[in-house]
Every structure is written in C-alpha cells, then in structure tokens.
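This is query-v7.txt (compact mmCIF, C-alpha atoms).
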# COMPACT_ATOMS: atom_id res chain seq x y z
CA THR X 1 -5.87 4.33 -24.01
CA THR X 2 -2.31 5.58 -23.63
CA PRO X 3 0.04 4.02 -26.23
CA ALA X 4 2.78 1.81 -24.80
CA THR X 5 5.34 4.01 -26.53
CA GLU X 6 4.43 6.80 -24.09
CA LEU X 7 5.07 4.63 -21.03
CA ALA X 8 8.28 3.82 -19.19
CA ALA X 9 8.67 1.19 -16.46
CA LEU X 10 11.27 1.36 -13.70
CA VAL X 11 12.61 -2.08 -12.74
CA ARG X 12 15.51 -3.39 -10.71
CA ASP X 13 16.39 -6.04 -13.30
CA VAL X 14 15.53 -5.48 -16.97
CA ARG X 15 15.98 -9.20 -17.66
CA LYS X 16 12.89 -9.92 -15.56
CA ALA X 17 10.61 -7.63 -17.61
CA PRO X 18 10.52 -9.17 -21.12
CA ASP X 19 6.72 -8.94 -21.15
CA LEU X 20 6.89 -5.15 -20.77
CA THR X 21 9.60 -4.81 -23.41
CA ALA X 22 7.57 -6.95 -25.81
CA ARG X 23 4.62 -4.56 -25.45
CA GLY X 24 6.75 -1.60 -26.50
CA ILE X 25 7.18 -0.10 -23.03
CA ASP X 26 10.48 1.68 -22.39
CA VAL X 27 11.98 -0.42 -19.59
CA ARG X 28 14.58 1.42 -17.49
CA SER X 29 16.80 0.06 -14.75
CA ALA X 30 17.15 1.70 -11.33
CA ASP X 31 16.68 1.10 -7.62
CA TYR X 32 15.27 3.43 -4.97
CA LEU X 33 18.64 3.24 -3.20
CA ASP X 34 20.67 4.20 -6.31
CA TYR X 35 20.22 7.95 -6.67
CA PRO X 36 22.35 8.50 -9.83
CA ALA X 37 20.52 5.66 -11.61
CA LEU X 38 17.18 7.21 -10.69
CA VAL X 39 18.19 10.60 -12.12
CA HIS X 40 19.27 8.86 -15.34
CA ALA X 41 16.08 6.77 -15.53
CA PHE X 42 13.82 9.79 -15.07
CA GLN X 43 15.21 11.71 -18.06
CA GLY X 44 12.40 12.75 -20.40
CA ILE X 45 9.68 11.62 -17.98
CA GLU X 46 6.73 13.94 -17.28
CA LYS X 47 4.92 11.98 -14.56
CA VAL X 48 6.33 9.50 -12.03
CA LEU X 49 4.33 7.01 -9.98
CA LEU X 50 6.26 6.34 -6.76
CA VAL X 51 5.02 3.04 -5.34
CA SER X 52 5.93 3.07 -1.66
CA ALA X 53 8.80 0.84 -0.55
CA VAL X 54 8.10 -2.29 1.48
CA ALA X 55 7.86 -2.24 5.25
CA PHE X 56 10.94 -3.04 7.39
CA THR X 57 13.21 -1.00 5.09
CA ASP X 58 14.35 2.62 5.30
CA ARG X 59 11.28 3.78 3.43
CA VAL X 60 11.72 7.52 3.97
CA ARG X 61 15.28 7.59 2.59
CA GLN X 62 14.21 5.60 -0.47
CA HIS X 63 11.21 7.84 -1.11
CA ARG X 64 13.31 10.99 -0.73
CA HIS X 65 15.78 9.61 -3.28
CA VAL X 66 12.96 9.20 -5.81
CA ILE X 67 11.48 12.65 -5.13
CA ASP X 68 14.86 14.39 -5.29
CA ALA X 69 15.89 12.50 -8.43
CA ALA X 70 12.59 13.32 -10.12
CA LYS X 71 13.09 16.99 -9.36
CA GLU X 72 16.69 16.95 -10.62
CA ALA X 73 15.65 15.17 -13.83
CA GLY X 74 12.93 17.72 -14.62
CA VAL X 75 9.90 15.56 -13.85
CA LYS X 76 6.78 17.73 -13.54
CA HIS X 77 4.32 15.62 -11.53
CA LEU X 78 4.83 12.87 -8.95
CA PHE X 79 2.13 10.47 -7.72
CA TYR X 80 2.73 8.66 -4.42
CA THR X 81 0.93 5.57 -3.09
CA SER X 82 0.22 6.25 0.57
CA ILE X 83 -2.12 4.61 3.10
CA GLN X 84 -5.74 5.43 3.87
CA ARG X 85 -6.13 7.49 7.03
CA SER X 86 -9.51 8.11 8.65
CA SER X 87 -8.08 9.00 12.05
CA ASP X 88 -4.86 10.23 13.64
CA PHE X 89 -3.76 6.73 14.62
CA VAL X 90 -0.16 6.10 13.53
CA MET X 91 1.28 2.69 12.59
CA PRO X 92 5.03 2.91 13.23
CA GLU X 93 5.98 0.64 10.33
CA VAL X 94 3.72 2.29 7.74
CA THR X 95 1.87 5.49 8.54
CA GLU X 96 4.87 7.22 10.11
CA SER X 97 6.92 6.98 6.90
CA ASP X 98 3.91 7.92 4.78
CA LEU X 99 3.38 11.11 6.78
CA ALA X 100 7.07 11.99 6.40
CA THR X 101 7.03 11.24 2.66
CA GLU X 102 3.86 13.24 2.04
CA ALA X 103 5.32 16.24 3.87
CA TYR X 104 8.59 15.97 1.94
CA LEU X 105 6.76 15.68 -1.39
CA GLN X 106 4.51 18.64 -0.63
CA ALA X 107 7.57 20.78 0.16
CA SER X 108 9.57 19.59 -2.87
CA GLY X 109 8.20 22.04 -5.43
CA LEU X 110 6.97 19.18 -7.63
CA ILE X 111 3.32 18.96 -8.60
CA TYR X 112 2.03 16.07 -6.50
CA THR X 113 -0.91 13.70 -6.22
CA ILE X 114 -1.19 11.53 -3.12
CA LEU X 115 -3.10 8.25 -3.45
CA ARG X 116 -4.19 7.00 -0.03
CA ASN X 117 -4.87 3.36 -0.74
CA GLY X 118 -7.19 1.27 1.41
CA TYR X 119 -6.24 -2.13 2.80
CA TYR X 120 -5.77 -4.76 0.09
CA PHE X 121 -8.52 -7.38 0.05
CA GLU X 122 -5.85 -9.91 -0.95
CA GLY X 123 -4.11 -9.30 2.38
CA LEU X 124 -7.08 -10.45 4.46
CA ALA X 125 -5.76 -14.01 4.68
CA TYR X 126 -2.54 -12.75 6.33
CA LEU X 127 -4.54 -10.99 9.04
CA VAL X 128 -6.88 -13.82 9.98
CA GLY X 129 -4.22 -16.53 9.56
CA SER X 130 -4.00 -19.71 7.52
CA GLN X 131 -5.75 -21.68 10.27
CA VAL X 132 -9.04 -20.06 9.20
CA PRO X 133 -11.56 -21.37 8.08
CA GLN X 134 -10.62 -24.52 10.02
CA ALA X 135 -10.57 -22.41 13.20
CA GLU X 136 -12.32 -19.33 14.53
CA ILE X 137 -11.09 -15.84 13.66
CA ARG X 138 -9.06 -14.20 16.43
CA PHE X 139 -7.77 -10.77 15.52
CA PRO X 140 -7.19 -7.56 17.55
CA ALA X 141 -9.56 -5.30 15.58
CA GLY X 142 -12.35 -4.85 18.10
CA GLU X 143 -15.51 -3.72 16.32
CA GLY X 144 -13.45 -1.88 13.70
CA ARG X 145 -14.27 -2.03 10.00
CA ILE X 146 -12.11 -2.11 6.87
CA ALA X 147 -13.14 -0.90 3.41
CA PHE X 148 -11.24 -3.67 1.63
CA VAL X 149 -10.20 -2.91 -1.96
CA LYS X 150 -8.76 -5.20 -4.63
CA ARG X 151 -5.33 -4.36 -6.01
CA SER X 152 -6.66 -4.59 -9.56
CA GLU X 153 -9.21 -1.89 -8.71
CA LEU X 154 -6.50 0.33 -7.24
CA ALA X 155 -4.40 -0.23 -10.35
CA ALA X 156 -7.28 0.81 -12.62
CA ALA X 157 -7.97 3.94 -10.57
CA THR X 158 -4.29 4.87 -10.52
CA ALA X 159 -3.96 4.36 -14.27
CA ALA X 160 -7.01 6.57 -14.83
CA LEU X 161 -5.49 9.34 -12.72
CA LEU X 162 -2.06 9.10 -14.36
CA THR X 163 -3.45 9.24 -17.89
CA SER X 164 -5.93 12.08 -17.38
CA ALA X 165 -5.36 15.80 -17.03
CA GLY X 166 -5.46 17.60 -13.71
CA HIS X 167 -5.11 16.22 -10.17
CA GLU X 168 -2.48 18.82 -9.30
CA ASN X 169 -1.62 18.96 -5.59
CA GLN X 170 -4.52 16.72 -4.62
CA ALA X 171 -4.91 13.77 -2.24
CA TYR X 172 -7.37 11.00 -3.11
CA THR X 173 -8.52 8.17 -0.85
CA LEU X 174 -9.08 4.99 -2.86
CA THR X 175 -11.12 2.32 -1.08
CA GLY X 176 -13.84 -0.23 -1.52
CA SER X 177 -17.41 1.08 -1.42
CA THR X 178 -18.36 -0.74 1.81
CA ALA X 179 -16.54 -1.16 5.12
CA TYR X 180 -16.77 -4.63 6.68
CA SER X 181 -16.27 -5.74 10.28
CA PHE X 182 -14.58 -9.03 11.08
CA HIS X 183 -18.01 -10.29 12.16
CA ASP X 184 -18.98 -9.74 8.50
CA VAL X 185 -15.86 -11.60 7.39
CA ALA X 186 -16.77 -14.49 9.69
CA ARG X 187 -20.29 -14.66 8.23
CA GLU X 188 -18.93 -14.79 4.67
CA LEU X 189 -16.43 -17.50 5.61
CA SER X 190 -19.21 -19.44 7.37
CA GLN X 191 -21.16 -19.57 4.12
CA LEU X 192 -18.09 -20.68 2.16
CA ALA X 193 -17.06 -23.30 4.73
CA GLY X 194 -20.59 -24.59 5.31
CA ARG X 195 -20.24 -24.35 9.09
CA PRO X 196 -20.45 -21.54 11.67
CA ILE X 197 -17.26 -19.49 12.05
CA THR X 198 -17.15 -16.76 14.67
CA TYR X 199 -14.92 -13.76 15.23
CA HIS X 200 -13.41 -13.00 18.62
CA SER X 201 -11.51 -9.77 19.14
CA SER X 202 -8.13 -10.73 20.57
CA GLU X 203 -5.67 -8.75 22.60
CA PRO X 204 -2.50 -7.97 20.59
CA ALA X 205 -0.11 -10.16 22.65
CA PRO X 206 -1.88 -13.53 22.19
CA TYR X 207 -2.52 -12.70 18.52
CA ILE X 208 1.17 -12.00 17.98
CA ALA X 209 2.08 -15.25 19.76
CA GLN X 210 -0.41 -17.11 17.54
CA GLN X 211 1.19 -15.68 14.37
CA VAL X 212 4.70 -16.48 15.60
CA ALA X 213 3.58 -20.05 16.28
CA ALA X 214 2.28 -20.16 12.68
CA GLY X 215 5.81 -19.40 11.47
CA PHE X 216 5.96 -15.61 11.07
CA PRO X 217 8.91 -13.64 12.50
CA GLU X 218 7.88 -11.55 15.52
CA PRO X 219 8.31 -8.17 13.74
CA VAL X 220 5.95 -9.36 10.99
CA ALA X 221 3.44 -10.66 13.54
CA LYS X 222 3.53 -7.26 15.28
CA PHE X 223 3.04 -5.60 11.88
CA PHE X 224 -0.14 -7.65 11.32
CA ALA X 225 -1.36 -6.71 14.80
CA GLN X 226 -0.87 -3.04 13.93
CA TRP X 227 -3.40 -3.40 11.12
CA GLY X 228 -5.86 -4.72 13.70
CA ALA X 229 -5.21 -1.68 15.87
CA ALA X 230 -5.62 0.55 12.81
CA ALA X 231 -9.02 -1.01 12.13
CA ALA X 232 -10.04 -0.66 15.79
CA HIS X 233 -9.14 3.04 15.68
CA GLY X 234 -11.21 3.64 12.54
CA LEU X 235 -8.19 4.27 10.31
CA LEU X 236 -9.42 2.02 7.49
CA ALA X 237 -13.21 2.40 7.70
CA GLY X 238 -13.79 5.44 5.47
CA THR X 239 -15.22 4.75 2.00
CA ASP X 240 -14.42 6.87 -1.02

Starting from the coordinates I provided, produce the structure as structure tokens.
Amino acid sequence: TTPATELAALVRDVRKAPDLTARGIDVRSADYLDYPALVHAFQGIEKVLLVSAVAFTDRVRQHRHVIDAAKEAGVKHLFYTSIQRSSDFVMPEVTESDLATEAYLQASGLIYTILRNGYYFEGLAYLVGSQVPQAEIRFPAGEGRIAFVKRSELAAATAALLTSAGHENQAYTLTGSTAYSFHDVARELSQLAGRPITYHSSEPAPYIAQQVAAGFPEPVAKFFAQWGAAAAHGLLAGTD
C-alpha cells in the first residue's frame, strides 16, 4: 500500500475535496485549461495520471497542456487513460482525440504508459435507454460485442500500475474478461424483469431520434450511437 503522504490529487476546487485532505493526501488546485497552474501543481511529482477530458470539449488542447506542463515541471512518467481499440474504426468525439493525444505523448520525451480502457459497465443504461426494461432494446450495434468493465476494476488496475515499478513506454488494454452481445444483455434483463426482452439492431437515425425524444440533446444522442457503431465494428470486443 502506498502511504497517503506520497500521493497528490489534482482538483479544480480544493474546497470540494475535504475527504482527500483528511486522509493526508496533498490536494493541489489546477485545471487542464490553466497551464501555469498545472506547472505549479506538478512540482515534485514523479508520476502523473492524466484522466482524459470529457467529450464535447477541446480534449486535445487540454491533454497537451497537461503533457507539456508535466514535462516543464520535471515529471518523469505520465499515464494516460485512452479508449480500447480492437479495430481501426474511429469515433470522432472520442477515438480521434485519443489517437492525437497518444501520438503527442509518445513524441514528448516523457516516459509514458497508455491505458486503453474498455467501455464502462455503468454506462450500459445510457446506451439502451431508460425505457428498458419496460420496452425492447433497440440499439445500432448489430451483432457486435462489448467487454464491459466496471470503473472500480479499472481504478484498481490503474492504481496497481501506478504504484508498481516498470511499465515504461507500454500500452495496456484494460477490459472485462468476457465480451457480451446485446442479445446477451437482453437475456440478462429478461431474467431480472421476469418477462422476455429482445434486442433489435437499429439503424443509427431512428435510434438517435429515440434518444432525442427521451430528452437527450442531439449531439449526445449521436455520441451514444457512435458507441453502437464502435461495437458493430469490433472496437470494444477484445478481452485483456
């Protein structure tokens, strides 16, 4: 176990992290958009975990700020949370910026470790929609499979990598041990609901319309549909 006194946490607002401060963690304030604050926050830090910025923001610029600031501050090793890729399919809102960030990190001169995280199990409900299990599953994934992984499992794996020696200039894919189709998801939900639930592969357009009708902005609905396309193209099926 790594003592809390050897850990620092980067937060936007220190006032919202009293639990971390109480545990003895060095809480430092910065934002991915504030380059000088990042350089200051990274002083004395050996390893940085860069958790990728949220979709619909200028992810590449934010990530480059962190990488450049880490280098300027004398950080030795940077870990980056990327997305699982089992094919060349590119999701404009996610994979494109990950590819750019990985290339920038690899050319930075920093020691790097790339963590290609699988699709979060907790995000399944967003994909199938809140109308399930009252309705059938309609999602544009075809016969594609996803090796769902829980965020707590990813956190444990990441912590193990950060606190152990090695992993220089490596890329690791972190996924669940089994890839499931949406037919499998329907079977599991059928058991939970106590009635048959079926999966129908939808075309993207009606799926997007369905999500917009459920209250999501169109860009977000398109984002969900991209995950279906990713599954259909085999992007998320590899297990590791």

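A straight line drawn from atom CA of X:Pro217 to atom CA of X:Glu96 is 21.4 Å long.
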
- Message: Residues near X:Leu99, anyone? I mean within 12 Å using all atoms listed in the file, not counting same-chain ones fewer than 2 positions away, as a VMD selection string.
- Response: chain X and resid 52 59 to 60 63 80 to 85 88 to 97 101 to 106 114 116

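Closest approach to X:Ala186 among X:Trp227, X:Phe56, X:Tyr207, X:Phe139 is made by X:Phe139 (distances from all atoms listed in the file).
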
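Put simply, atom CA of X:Ala209 is 19.4 Å away from atom CA of X:Ala232.
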
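Minimum distance to X:His200 across X:Gly142, X:Pro18, X:Gly74, X:Pro36 (counting all atoms listed in the file) occurs at X:Gly142.
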
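Excluding X:Ala141 itself and any same-chain residue fewer than 3 positions from it, the protein and nucleic acid residues within 7 Å of it, counting all atoms listed in the file, are Gly144, Ser201, Gly228, Ala229, Ala231 and Ala232 of chain X.
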
Please write the residues from the selection above to a file, keeping C-alpha atoms, as a CSV table (one decimal), keeping the file's coordinate frame.
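Done, and the output landed in part_16.csv:
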chain,number,residue,atom,x,y,z
X,144,GLY,CA,-13.4,-1.9,13.7
X,201,SER,CA,-11.5,-9.8,19.1
X,228,GLY,CA,-5.9,-4.7,13.7
X,229,ALA,CA,-5.2,-1.7,15.9
X,231,ALA,CA,-9.0,-1.0,12.1
X,232,ALA,CA,-10.0,-0.7,15.8

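Each of X:Phe223, X:Ile45, X:Ala159, X:Glu136 was compared to X:His183 using all atoms listed in the file, and X:Glu136 turns out to be the nearest.
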